[in-house]
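K.L.:
Data: work_39.txt, compact mmCIF, C-alpha atoms.
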```
# COMPACT_ATOMS: atom_id res chain seq x y z
CA MET A 9 46.62 73.93 7.29
CA PRO A 10 45.64 73.93 11.00
CA ARG A 11 41.97 73.47 11.77
CA VAL A 12 41.05 73.22 15.44
CA ARG A 13 38.64 70.42 16.28
CA GLU A 14 38.74 70.66 20.06
CA LEU A 15 40.06 73.00 22.73
CA GLU A 16 40.46 72.62 26.47
CA VAL A 17 41.23 75.22 29.10
CA PHE A 18 42.74 74.24 32.45
CA ARG A 19 42.97 76.43 35.52
CA LEU A 20 45.74 75.39 37.92
CA VAL A 21 46.20 76.59 41.48
CA LEU A 22 49.75 75.86 42.60
CA PRO A 23 50.58 75.33 46.30
CA TYR A 24 53.90 77.20 46.13
CA GLY A 25 55.77 80.10 44.56
CA ARG A 26 55.12 83.79 44.11
CA ARG A 27 52.76 83.17 41.19
CA PRO A 28 50.29 80.58 42.50
CA GLU A 29 47.91 80.37 39.53
CA ALA A 30 48.31 79.37 35.89
CA VAL A 31 45.98 78.80 32.93
CA LEU A 32 46.79 76.21 30.23
CA VAL A 33 45.21 75.99 26.79
CA ARG A 34 45.33 72.83 24.66
CA LEU A 35 44.26 72.91 21.01
CA THR A 36 43.69 69.72 18.99
CA ASP A 37 43.38 69.77 15.20
CA TYR A 38 41.48 67.30 13.02
CA GLY A 39 44.59 65.20 12.51
CA GLY A 40 45.11 64.72 16.25
CA MET A 41 48.04 67.14 16.59
CA THR A 42 48.00 69.24 19.77
CA GLY A 43 49.40 72.63 20.74
CA TRP A 44 49.80 74.03 24.24
CA GLY A 45 49.87 77.54 25.65
CA GLU A 46 50.24 78.93 29.16
CA ILE A 47 49.82 82.14 31.08
CA VAL A 48 51.03 82.50 34.67
CA ASP A 49 49.27 84.72 37.21
CA PRO A 50 46.56 85.71 34.70
CA ALA A 51 44.37 88.79 34.93
CA PRO A 52 40.87 88.02 36.33
CA LYS A 53 39.19 88.52 32.94
CA THR A 54 41.51 86.07 31.14
CA TRP A 55 39.67 82.97 32.34
CA ARG A 56 36.30 84.37 31.23
CA LEU A 57 37.65 85.38 27.80
CA LEU A 58 39.08 81.91 27.23
CA GLN A 59 35.88 80.20 28.32
CA GLU A 60 33.48 82.40 26.40
CA GLY A 61 35.36 83.58 23.32
CA LEU A 62 38.10 81.18 22.27
CA GLY A 63 35.91 78.34 20.97
CA GLY A 64 33.89 80.56 18.67
CA ALA A 65 37.06 82.20 17.35
CA LEU A 66 39.02 79.01 16.54
CA ILE A 67 36.97 75.82 16.27
CA GLY A 68 36.46 74.84 12.63
CA LEU A 69 38.43 77.81 11.32
CA ASP A 70 40.99 77.22 8.55
CA TRP A 71 44.18 79.28 8.82
CA GLU A 72 47.65 79.13 7.32
CA HIS A 73 49.68 81.08 9.88
CA PRO A 74 49.10 82.33 13.48
CA ASP A 75 49.54 85.93 12.34
CA GLU A 76 46.26 85.60 10.42
CA LEU A 77 44.31 85.16 13.65
CA GLY A 78 44.98 88.65 15.02
CA GLY A 79 44.06 89.16 18.66
CA VAL A 80 42.89 85.72 19.80
CA PRO A 81 40.50 85.88 22.80
CA GLY A 82 42.35 85.04 26.00
CA GLY A 83 45.64 86.67 25.11
CA PRO A 84 49.09 85.04 25.34
CA ALA A 85 47.97 81.54 26.39
CA ALA A 86 45.77 81.10 23.31
CA ASP A 87 48.30 82.79 21.01
CA MET A 88 51.06 80.51 22.31
CA ALA A 89 48.90 77.42 21.75
CA CYS A 90 48.26 78.45 18.13
CA TRP A 91 51.97 78.96 17.49
CA ASP A 92 52.81 75.65 19.16
CA LEU A 93 50.25 73.78 17.04
CA TRP A 94 51.48 75.45 13.86
CA ALA A 95 55.14 74.64 14.63
CA ARG A 96 54.39 71.00 15.53
CA MET A 97 52.49 70.48 12.28
CA ARG A 98 55.58 71.63 10.40
CA GLY A 99 58.02 69.64 12.50
CA VAL A 100 60.07 72.65 13.62
CA PRO A 101 60.90 73.85 17.15
CA LEU A 102 58.66 76.68 18.32
CA SER A 103 61.72 78.79 19.09
CA HIS A 104 62.84 78.51 15.44
CA ALA A 105 59.34 79.29 14.17
CA LEU A 106 59.53 82.54 16.16
CA GLY A 107 62.90 83.46 14.67
CA GLY A 108 65.33 81.88 17.14
CA SER A 109 68.38 79.89 16.14
CA ARG A 110 69.71 78.16 19.25
CA THR A 111 69.51 74.39 19.50
CA SER A 112 70.23 74.12 23.24
CA LEU A 113 70.14 76.15 26.43
CA MET A 114 72.05 75.89 29.68
CA ALA A 115 69.81 75.12 32.66
CA THR A 116 70.31 77.12 35.83
CA VAL A 117 69.23 76.58 39.41
CA ARG A 118 68.20 79.54 41.54
CA ILE A 119 69.69 79.70 45.03
CA GLY A 120 68.24 81.97 47.70
CA ALA A 121 70.18 83.80 50.38
CA GLU A 122 71.59 81.44 53.00
CA ARG A 123 72.33 81.88 56.70
CA ASN A 124 76.08 81.86 56.17
CA LEU A 125 78.72 81.40 53.49
CA ASP A 126 79.46 77.77 54.34
CA SER A 127 75.80 76.83 53.91
CA LEU A 128 75.69 78.65 50.58
CA VAL A 129 78.78 76.93 49.20
CA ALA A 130 77.50 73.54 50.40
CA ARG A 131 74.20 74.11 48.64
CA VAL A 132 75.95 75.13 45.43
CA ASN A 133 78.09 72.01 45.72
CA ARG A 134 74.99 69.77 45.82
CA HIS A 135 73.71 71.27 42.57
CA VAL A 136 77.08 71.10 40.85
CA CYS A 137 77.32 67.42 41.82
CA ALA A 138 73.83 66.94 40.37
CA GLY A 139 75.10 68.18 37.01
CA TYR A 140 74.28 71.90 36.93
CA ALA A 141 76.88 74.05 35.17
CA HIS A 142 75.21 77.35 36.09
CA VAL A 143 73.64 78.84 39.21
CA THR A 144 71.74 82.06 39.81
CA LEU A 145 72.30 83.56 43.25
CA ASP A 146 69.72 85.78 44.92
CA VAL A 147 71.47 88.91 46.20
CA HIS A 148 70.43 91.97 48.15
CA PRO A 149 72.26 94.84 49.87
CA GLY A 150 74.40 93.26 52.59
CA TRP A 151 74.41 89.84 50.91
CA ASP A 152 76.11 90.21 47.55
CA VAL A 153 79.87 90.57 47.04
CA GLU A 154 80.96 88.24 49.85
CA PRO A 155 78.74 85.27 48.92
CA LEU A 156 79.60 85.74 45.27
CA ARG A 157 83.31 85.74 46.10
CA ALA A 158 82.92 82.56 48.16
CA VAL A 159 81.15 80.69 45.37
CA ARG A 160 83.57 81.88 42.71
CA GLN A 161 86.60 80.85 44.77
CA ALA A 162 85.09 77.40 45.31
CA TYR A 163 84.08 76.98 41.64
CA PRO A 164 86.27 79.07 39.30
CA ALA A 165 84.71 77.66 36.11
CA LEU A 166 81.05 77.66 37.21
CA GLY A 167 78.58 79.85 35.34
CA ILE A 168 77.13 82.34 37.84
CA GLY A 169 74.39 84.92 37.50
CA VAL A 170 72.77 87.10 40.16
CA ASP A 171 69.17 88.16 40.67
CA ALA A 172 68.78 91.36 42.69
CA ARG A 173 64.93 91.33 42.64
CA GLY A 174 64.84 95.12 42.31
CA GLY A 175 66.50 95.59 45.70
CA TYR A 176 69.17 98.16 44.81
CA THR A 177 69.24 101.93 44.47
CA ASP A 178 73.04 102.34 44.48
CA ALA A 179 74.98 100.75 41.63
CA LYS A 180 78.34 100.54 43.43
CA ALA A 181 77.83 97.05 44.86
CA LEU A 182 76.49 95.84 41.51
CA GLU A 183 79.58 97.16 39.77
CA ALA A 184 81.79 95.40 42.35
CA MET A 185 80.05 92.06 41.67
CA ASP A 186 80.89 92.35 37.98
CA ALA A 187 84.52 91.51 38.81
CA TYR A 188 83.49 87.87 39.37
CA THR A 189 82.67 87.08 35.72
CA LEU A 190 78.88 87.05 35.85
CA SER A 191 76.66 85.69 33.11
CA ALA A 192 73.96 88.24 33.97
CA ILE A 193 72.73 90.77 36.53
CA GLU A 194 68.97 90.33 36.72
CA ARG A 195 66.47 92.96 37.90
CA PRO A 196 68.91 95.24 39.75
CA PHE A 197 66.44 98.12 40.17
CA THR A 198 62.70 98.61 40.49
CA GLY A 199 61.42 100.07 37.24
CA LEU A 200 63.61 100.85 34.26
CA ALA A 201 65.58 103.83 35.56
CA GLY A 202 69.29 103.15 36.04
CA HIS A 203 69.62 99.98 33.98
CA ALA A 204 71.16 101.61 30.92
CA ASP A 205 73.67 103.53 33.04
CA LEU A 206 74.65 100.36 34.92
CA GLN A 207 75.15 98.50 31.63
CA GLU A 208 77.73 101.09 30.59
CA HIS A 209 79.82 100.23 33.67
CA VAL A 210 79.62 96.42 33.77
CA ALA A 211 80.49 93.65 31.32
CA ALA A 212 77.67 91.30 32.38
CA PRO A 213 74.34 91.71 30.57
CA VAL A 214 71.87 93.70 32.68
CA LEU A 215 68.42 92.08 32.49
CA VAL A 216 65.21 93.98 33.12
CA GLU A 217 61.76 92.64 34.01
CA VAL A 218 58.85 93.91 31.93
CA SER A 219 55.17 92.98 32.03
CA SER A 220 53.83 94.49 28.79
CA ALA A 221 54.79 95.27 25.21
CA ALA A 222 54.82 98.97 26.07
CA GLU A 223 57.33 98.40 28.87
CA LEU A 224 59.45 96.30 26.51
CA ASP A 225 59.51 99.11 23.94
CA GLU A 226 60.49 101.55 26.68
CA ALA A 227 63.27 99.22 27.88
CA VAL A 228 64.65 98.82 24.35
CA ALA A 229 64.60 102.59 23.85
```
Could you write out this structure as structure tokens?
P.N.:
Amino acid sequence: MPRVRELEVFRLVLPYGRRPEAVLVRLTDYGGMTGWGEIVDPAPKTWRLLQEGLGGALIGLDWEHPDELGGVPGGPAADMACWDLWARMRGVPLSHALGGSRTSLMATVRIGAERNLDSLVARVNRHVCAGYAHVTLDVHPGWDVEPLRAVRQAYPALGIGVDARGGYTDAKALEAMDAYTLSAIERPFTGLAGHADLQEHVAAPVLVEVSSAAELDEAVA
């Protein structure tokens, strides 16, 4: 039975990336086991909720399962830390505790748009030589089919996905890219409109980006 003895909240400001701030939560139970949670680019009130409400809600409380805790103050970071602690105490991977079944994942490296095709292929080559078996190429209108063709011709067996970053309104180019055996087409459009229709015309999974449970329900529907 988890019983939190100590909690720590860390606020990190990162010097790079599109999401420069993160909050980490570490829970420690009376047996010394720890659980970690994280939220990236948190809402302004998240830090205050974690500082002011999380200790009173968790420290010294006996619980059998994270579902018993309801809405933990501080949102996903605190909830994730509780699940991580619970899974570690039972010696099972967190992914399995949440219902997953995979035992491994393939790592990918994201590659931004290059100045020319030769530079792109050379950059892909460096990552392939480093051991990567999958790459995700950033694409946008005017830089999509040709770079994808160049990489596929150079590496016929390489796993390749594309990330459109919501830059498309016309699905024709996206459908043309599907001929190059893609593992996924990520974020082709802004919002949810058009994704289901595109999925009917391509073999690659079409991945959407959602930021709330309500958006996820809408995407599933």
K.L.:
Considering all atoms listed in the file, state which residue in the set A:Pro10, A:Gly108, A:Gly99, A:Gly82 is at the smallest distance from Leu69 in chain A.
P.N.:
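Going through A:Pro10, A:Gly108, A:Gly99, A:Gly82 one by one, the smallest distance to Leu69 in chain A is for A:Pro10.
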K.L.:
Near range 130-136 of chain A, counting only C-alpha atoms, which residues have an atom at most 8 Å away, once you skip same-chain residues fewer than 3 positions from it, shown as a PyMOL selection string?
P.N.:
chain A and resi 117+119+126-127+139-141+143+159
K.L.:
I need the residue nearest Gly174 in chain A from this list: A:Ala229, A:Val153, A:Leu200, A:Leu62. Use all atoms listed in the file for the distance.
P.N.:
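Of the candidates, the smallest distance to Gly174 in chain A is held by A:Leu200.
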K.L.:
Leaving out Phe18 in chain A and any residue of its chain fewer than 5 positions from it, which residues lie within 9 Å of it when counting only C-alpha atoms, given as JSON, numbers by chain?
P.N.:
{"A": [30, 31, 32, 33, 34]}
K.L.:
Could you tell me how far CA of Pro196 in chain A sits from CA of Gly120 in chain A, in Å to one decimal place?
P.N.:
15.5 Å
K.L.:
CA of Gly64 in chain A to CA of Val80 in chain A: how many Å, to one decimal?
P.N.:
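About the pair CA of Gly64 in chain A and CA of Val80 in chain A: they are 10.4 Å apart.
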K.L.:
Please give the centre and size of the box around range 70-86 of chain A (axis-aligned, containing every atom listed in the file, 4 Å added per side), with values in Å to one decimal and written as AutoDock Vina command-line options.
P.N.:
```
--center_x 45.1 --center_y 83.2 --center_z 16.9 --size_x 17.2 --size_y 19.9 --size_z 27.1
```
K.L.:
Could you work out how far CA of Val218 in chain A lies from CA of Asp178 in chain A, giving the answer in Å with one decimal?
P.N.:
20.7 Å
K.L.:
Got a sec: who's within 10 Å of Leu35 in chain A, counting all atoms listed in the file, leaving out chain neighbours fewer than 2 positions off, as a list in words?
P.N.:
Arg11, Val12, Arg13, Glu14, Leu15, Glu16, Val17, Val33, Asp37, Gly40, Met41, Thr42, Gly43, Trp44, Gly45, Gly63, Leu66, Ile67, Ala86, Ala89, Cys90, Asp92 and Leu93 of chain A
K.L.:
Excluding Leu182 in chain A and any residue of its chain fewer than 4 positions from it, enumerate the residues within 12 Å of it, using all atoms listed in the file, and give them as JSON, numbers by chain.
P.N.:
{"A": [147, 148, 149, 150, 151, 152, 153, 156, 169, 170, 171, 172, 174, 175, 176, 177, 178, 186, 187, 188, 190, 192, 193, 194, 195, 196, 197, 202, 203, 205, 206, 207, 209, 210, 211, 212, 213, 214]}
K.L.:
How would you write as a PDB file with C-alpha atoms, in the coordinates of the input the residues that get within 12 Å of (70.1, 77.1, 29.4) in the file's frame, counting all atoms listed in the file?
P.N.:
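part-v8.pdb, freshly written:
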```pdb
ATOM      1  CA  ARG A 110      69.710  78.160  19.250  1.00  0.00           C
ATOM      2  CA  THR A 111      69.510  74.390  19.500  1.00  0.00           C
ATOM      3  CA  SER A 112      70.230  74.120  23.240  1.00  0.00           C
ATOM      4  CA  LEU A 113      70.140  76.150  26.430  1.00  0.00           C
ATOM      5  CA  MET A 114      72.050  75.890  29.680  1.00  0.00           C
ATOM      6  CA  ALA A 115      69.810  75.120  32.660  1.00  0.00           C
ATOM      7  CA  THR A 116      70.310  77.120  35.830  1.00  0.00           C
ATOM      8  CA  VAL A 117      69.230  76.580  39.410  1.00  0.00           C
ATOM      9  CA  TYR A 140      74.280  71.900  36.930  1.00  0.00           C
ATOM     10  CA  ALA A 141      76.880  74.050  35.170  1.00  0.00           C
ATOM     11  CA  HIS A 142      75.210  77.350  36.090  1.00  0.00           C
ATOM     12  CA  VAL A 143      73.640  78.840  39.210  1.00  0.00           C
ATOM     13  CA  THR A 144      71.740  82.060  39.810  1.00  0.00           C
ATOM     14  CA  GLY A 167      78.580  79.850  35.340  1.00  0.00           C
ATOM     15  CA  SER A 191      76.660  85.690  33.110  1.00  0.00           C
TER      16      SER A 191
END
```
K.L.:
Restricting the calculation to only C-alpha atoms, which member of A:Ala95, A:Pro81, A:Asp225, A:Gly107 is positioned closest to Gly61 in chain A?
P.N.:
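Going through A:Ala95, A:Pro81, A:Asp225, A:Gly107 one by one, the smallest distance to Gly61 in chain A is for A:Pro81.
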K.L.:
Nearest to Gly199 in chain A: which of A:Pro155, A:Pro23, A:Ser219, A:Ala184 is it, counting only C-alpha atoms?
P.N.:
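Among the listed residues, A:Ser219 lies closest to Gly199 in chain A.
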